[in-house]
Each structure stands twice: as structure tokens, then as C-alpha cells.
Amino acid sequence: MIYECDKKDFDRIYLIINEAAKAYEVKIPADCYHQPYMPAEELAREMIRMTFYAWQEKGELVGVMGLEPVKDVTLIRHTYVLPEFQKKASAGGCWPIVKSWSKPAVCWWYMD
């Protein structure tokens, strides 16, 4: 299930982002990687300026995507999946969100 996140999801989003980022510690440049990867204060600011969507597997929130509208495009600013769901078909849970947009999307992320 996919839904738009709100303040009640903050703690779970925080956990997902920081757990997911651990999987890419060796890929992210050392001067950019730290733990927590996204401090709570930064996440709070991000949630004000963009919309986060979540997807669930068997009732558990396992991935999040942060979207920021800028002029005539939508930036995919954050996409994180819990490590145990990475590289599995369920990690594609965000793509129905992307397919439903009427604007072009721009994204960048680290991948193995």
C-alpha cells in the first residue's frame, strides 16, 4: 500500500532513511557520509518543504520517497528502502507514485 506521510510517520521515516543509508556507506563519499545520515532536524525541515510517500509490505512501512515540486518538474529528492527489502521486487513499491505524475520527474541516487 502507498500513502502520503504525515507527522505521525516521522519516527519510522527517520529509521528507514538512516538504516537504508548504512548499506551505501562504502559508496557515498567519506566527506558526505555520517551517522545519522539524516539528522532528525534535517528530516523535519525536509518534511516541511516536500511531500513524503511511504509504501508498506504486510502492514510494515518499509520504504519512503520524498518529492519536491520545482517549476514544471518534480524532483525525487529521497528514496530509501530498509536493508532487508533492498534488491527485492518489493523495493519497486515507489514506482506507482512516479507513474501517476503529470509532470516530468528528475532523480539521482546511489545504486549497487
# chains A, B, ... in the order shown; residues from 1 in each chain; ligands from 1
call {"tool": "residues_around", "arguments": {"residues": "range 49-54 of chain A", "least_positions_apart": "6", "cutoff": "8 Å", "atoms": "only C-alpha atoms", "output": "list in words"}}
result
Ile2, Tyr3, Glu4, Cys5, Asp6, Leu61, Val62, Gly63, Val64, Met65, Gly66, Leu67, Glu68, Pro69 and Cys94 of chain A
call {"tool": "select_by_dssp", "arguments": {"residues": "range 10-73 of chain A", "states": "strand (DSSP E)", "output": "PyMOL selection string"}}
result
chain A and resi 51-57+60-70+73
call {"tool": "closest_residue", "arguments": {"among": "A:Ala20, A:Leu82, A:Leu15, A:Met1", "to": "Glu57 in chain A", "atoms": "only C-alpha atoms"}}
result
A:Met1
call {"tool": "atom_distance", "arguments": {"atom1": "CA of Val81 in chain A", "atom2": "CA of Ile17 in chain A"}}
result
7.4 Å
call {"tool": "closest_residue", "arguments": {"among": "A:Val73, A:Gln56, A:Tyr33, A:Leu43", "to": "Phe85 in chain A", "atoms": "only C-alpha atoms"}}
result
A:Gln56
call {"tool": "closest_residue", "arguments": {"among": "A:Glu46, A:Glu19, A:Glu41, A:Asp9", "to": "His78 in chain A", "atoms": "only C-alpha atoms"}}
result
A:Glu46
call {"tool": "decode", "arguments": {"residues": "range 36-83 of chain A", "atoms": "N, CA and C atoms", "output": "mmCIF file, in the first residue's frame"}}
result
data_model
loop_
_atom_site.group_PDB
_atom_site.id
_atom_site.type_symbol
_atom_site.label_atom_id
_atom_site.label_comp_id
_atom_site.auth_asym_id
_atom_site.auth_seq_id
_atom_site.Cartn_x
_atom_site.Cartn_y
_atom_site.Cartn_z
ATOM 1 N N PRO A 36 23.842 9.992 12.413
ATOM 2 C CA PRO A 36 22.827 9.578 11.448
ATOM 3 C C PRO A 36 23.050 10.262 10.099
ATOM 4 N N TYR A 37 22.735 9.541 9.043
ATOM 5 C CA TYR A 37 22.912 10.092 7.704
ATOM 6 C C TYR A 37 22.044 11.329 7.526
ATOM 7 N N MET A 38 20.800 11.264 8.012
ATOM 8 C CA MET A 38 19.926 12.440 8.023
ATOM 9 C C MET A 38 19.474 12.681 9.465
ATOM 10 N N PRO A 39 20.046 13.694 10.124
ATOM 11 C CA PRO A 39 19.626 14.004 11.487
ATOM 12 C C PRO A 39 18.136 14.374 11.542
ATOM 13 N N ALA A 40 17.546 14.217 12.709
ATOM 14 C CA ALA A 40 16.117 14.494 12.885
ATOM 15 C C ALA A 40 15.760 15.927 12.499
ATOM 16 N N GLU A 41 16.629 16.874 12.824
ATOM 17 C CA GLU A 41 16.354 18.276 12.496
ATOM 18 C C GLU A 41 16.279 18.487 10.982
ATOM 19 N N GLU A 42 17.167 17.820 10.253
ATOM 20 C CA GLU A 42 17.155 17.933 8.792
ATOM 21 C C GLU A 42 15.894 17.297 8.216
ATOM 22 N N LEU A 43 15.514 16.124 8.728
ATOM 23 C CA LEU A 43 14.290 15.477 8.253
ATOM 24 C C LEU A 43 13.080 16.365 8.508
ATOM 25 N N ALA A 44 13.024 16.990 9.662
ATOM 26 C CA ALA A 44 11.897 17.882 9.969
ATOM 27 C C ALA A 44 11.816 19.012 8.942
ATOM 28 N N ARG A 45 12.958 19.589 8.576
ATOM 29 C CA ARG A 45 12.966 20.648 7.549
ATOM 30 C C ARG A 45 12.530 20.100 6.191
ATOM 31 N N GLU A 46 13.014 18.916 5.850
ATOM 32 C CA GLU A 46 12.659 18.311 4.566
ATOM 33 C C GLU A 46 11.162 18.025 4.485
ATOM 34 N N MET A 47 10.563 17.587 5.578
ATOM 35 C CA MET A 47 9.137 17.264 5.577
ATOM 36 C C MET A 47 8.264 18.506 5.454
ATOM 37 N N ILE A 48 8.805 19.669 5.768
ATOM 38 C CA ILE A 48 8.061 20.921 5.590
ATOM 39 C C ILE A 48 8.039 21.321 4.120
ATOM 40 N N ARG A 49 9.152 21.134 3.418
ATOM 41 C CA ARG A 49 9.246 21.653 2.054
ATOM 42 C C ARG A 49 8.926 20.639 0.954
ATOM 43 N N MET A 50 8.735 19.397 1.319
ATOM 44 C CA MET A 50 8.400 18.403 0.300
ATOM 45 C C MET A 50 7.408 17.388 0.856
ATOM 46 N N THR A 51 6.876 16.580 -0.024
ATOM 47 C CA THR A 51 5.908 15.544 0.357
ATOM 48 C C THR A 51 6.612 14.199 0.368
ATOM 49 N N PHE A 52 6.421 13.464 1.439
ATOM 50 C CA PHE A 52 6.964 12.112 1.536
ATOM 51 C C PHE A 52 5.831 11.113 1.326
ATOM 52 N N TYR A 53 6.139 10.060 0.589
ATOM 53 C CA TYR A 53 5.223 8.945 0.398
ATOM 54 C C TYR A 53 5.880 7.703 0.968
ATOM 55 N N ALA A 54 5.049 6.794 1.450
ATOM 56 C CA ALA A 54 5.550 5.558 2.031
ATOM 57 C C ALA A 54 4.886 4.370 1.357
ATOM 58 N N TRP A 55 5.569 3.246 1.395
ATOM 59 C CA TRP A 55 4.904 2.017 0.997
ATOM 60 C C TRP A 55 5.144 0.964 2.057
ATOM 61 N N GLN A 56 4.152 0.095 2.143
ATOM 62 C CA GLN A 56 4.134 -0.929 3.173
ATOM 63 C C GLN A 56 4.182 -2.312 2.549
ATOM 64 N N GLU A 57 4.759 -3.226 3.299
ATOM 65 C CA GLU A 57 4.719 -4.657 2.990
ATOM 66 C C GLU A 57 4.121 -5.333 4.215
ATOM 67 N N LYS A 58 3.010 -6.006 4.038
ATOM 68 C CA LYS A 58 2.338 -6.718 5.139
ATOM 69 C C LYS A 58 2.146 -5.819 6.363
ATOM 70 N N GLY A 59 1.715 -4.589 6.112
ATOM 71 C CA GLY A 59 1.408 -3.657 7.188
ATOM 72 C C GLY A 59 2.596 -2.925 7.774
ATOM 73 N N GLU A 60 3.801 -3.203 7.301
ATOM 74 C CA GLU A 60 5.009 -2.560 7.820
ATOM 75 C C GLU A 60 5.522 -1.532 6.820
ATOM 76 N N LEU A 61 5.764 -0.314 7.291
ATOM 77 C CA LEU A 61 6.316 0.730 6.434
ATOM 78 C C LEU A 61 7.775 0.375 6.152
ATOM 79 N N VAL A 62 8.119 0.126 4.883
ATOM 80 C CA VAL A 62 9.464 -0.357 4.534
ATOM 81 C C VAL A 62 10.235 0.576 3.614
ATOM 82 N N GLY A 63 9.571 1.561 3.018
ATOM 83 C CA GLY A 63 10.268 2.467 2.118
ATOM 84 C C GLY A 63 9.602 3.819 2.070
ATOM 85 N N VAL A 64 10.406 4.838 1.762
ATOM 86 C CA VAL A 64 9.889 6.199 1.650
ATOM 87 C C VAL A 64 10.489 6.894 0.440
ATOM 88 N N MET A 65 9.742 7.867 -0.058
ATOM 89 C CA MET A 65 10.195 8.684 -1.177
ATOM 90 C C MET A 65 9.782 10.119 -0.892
ATOM 91 N N GLY A 66 10.740 11.046 -0.994
ATOM 92 C CA GLY A 66 10.463 12.464 -0.796
ATOM 93 C C GLY A 66 10.450 13.188 -2.124
ATOM 94 N N LEU A 67 9.371 13.904 -2.400
ATOM 95 C CA LEU A 67 9.177 14.582 -3.679
ATOM 96 C C LEU A 67 9.088 16.080 -3.479
ATOM 97 N N GLU A 68 9.769 16.813 -4.349
ATOM 98 C CA GLU A 68 9.766 18.274 -4.255
ATOM 99 C C GLU A 68 9.384 18.877 -5.601
ATOM 100 N N PRO A 69 8.228 19.540 -5.688
ATOM 101 C CA PRO A 69 7.863 20.206 -6.938
ATOM 102 C C PRO A 69 8.721 21.463 -7.140
ATOM 103 N N VAL A 70 9.305 21.572 -8.316
ATOM 104 C CA VAL A 70 10.113 22.747 -8.673
ATOM 105 C C VAL A 70 9.733 23.134 -10.103
ATOM 106 N N LYS A 71 9.092 24.280 -10.225
ATOM 107 C CA LYS A 71 8.618 24.777 -11.519
ATOM 108 C C LYS A 71 7.796 23.704 -12.217
ATOM 109 N N ASP A 72 8.258 23.233 -13.382
ATOM 110 C CA ASP A 72 7.436 22.294 -14.156
ATOM 111 C C ASP A 72 7.897 20.840 -14.039
ATOM 112 N N VAL A 73 8.716 20.537 -13.016
ATOM 113 C CA VAL A 73 9.144 19.156 -12.782
ATOM 114 C C VAL A 73 8.975 18.807 -11.311
ATOM 115 N N THR A 74 9.070 17.536 -11.010
ATOM 116 C CA THR A 74 9.093 17.066 -9.634
ATOM 117 C C THR A 74 10.437 16.404 -9.412
ATOM 118 N N LEU A 75 11.157 16.848 -8.384
ATOM 119 C CA LEU A 75 12.426 16.229 -8.037
ATOM 120 C C LEU A 75 12.180 15.083 -7.072
ATOM 121 N N ILE A 76 12.755 13.937 -7.367
ATOM 122 C CA ILE A 76 12.746 12.824 -6.427
ATOM 123 C C ILE A 76 13.968 13.061 -5.549
ATOM 124 N N ARG A 77 13.740 13.601 -4.370
ATOM 125 C CA ARG A 77 14.843 14.026 -3.517
ATOM 126 C C ARG A 77 15.342 12.914 -2.602
ATOM 127 N N HIS A 78 14.465 12.031 -2.197
ATOM 128 C CA HIS A 78 14.851 10.969 -1.265
ATOM 129 C C HIS A 78 14.119 9.689 -1.650
ATOM 130 N N THR A 79 14.847 8.600 -1.708
ATOM 131 C CA THR A 79 14.245 7.273 -1.884
ATOM 132 C C THR A 79 15.055 6.309 -1.027
ATOM 133 N N TYR A 80 14.417 5.761 -0.033
ATOM 134 C CA TYR A 80 15.106 4.865 0.895
ATOM 135 C C TYR A 80 14.241 3.638 1.155
ATOM 136 N N VAL A 81 14.901 2.483 1.230
ATOM 137 C CA VAL A 81 14.241 1.209 1.489
ATOM 138 C C VAL A 81 15.027 0.501 2.591
ATOM 139 N N LEU A 82 14.323 -0.067 3.553
ATOM 140 C CA LEU A 82 15.007 -0.816 4.604
ATOM 141 C C LEU A 82 15.933 -1.862 3.991
ATOM 142 N N PRO A 83 17.107 -2.084 4.582
ATOM 143 C CA PRO A 83 18.089 -3.005 4.001
ATOM 144 C C PRO A 83 17.539 -4.386 3.667
#
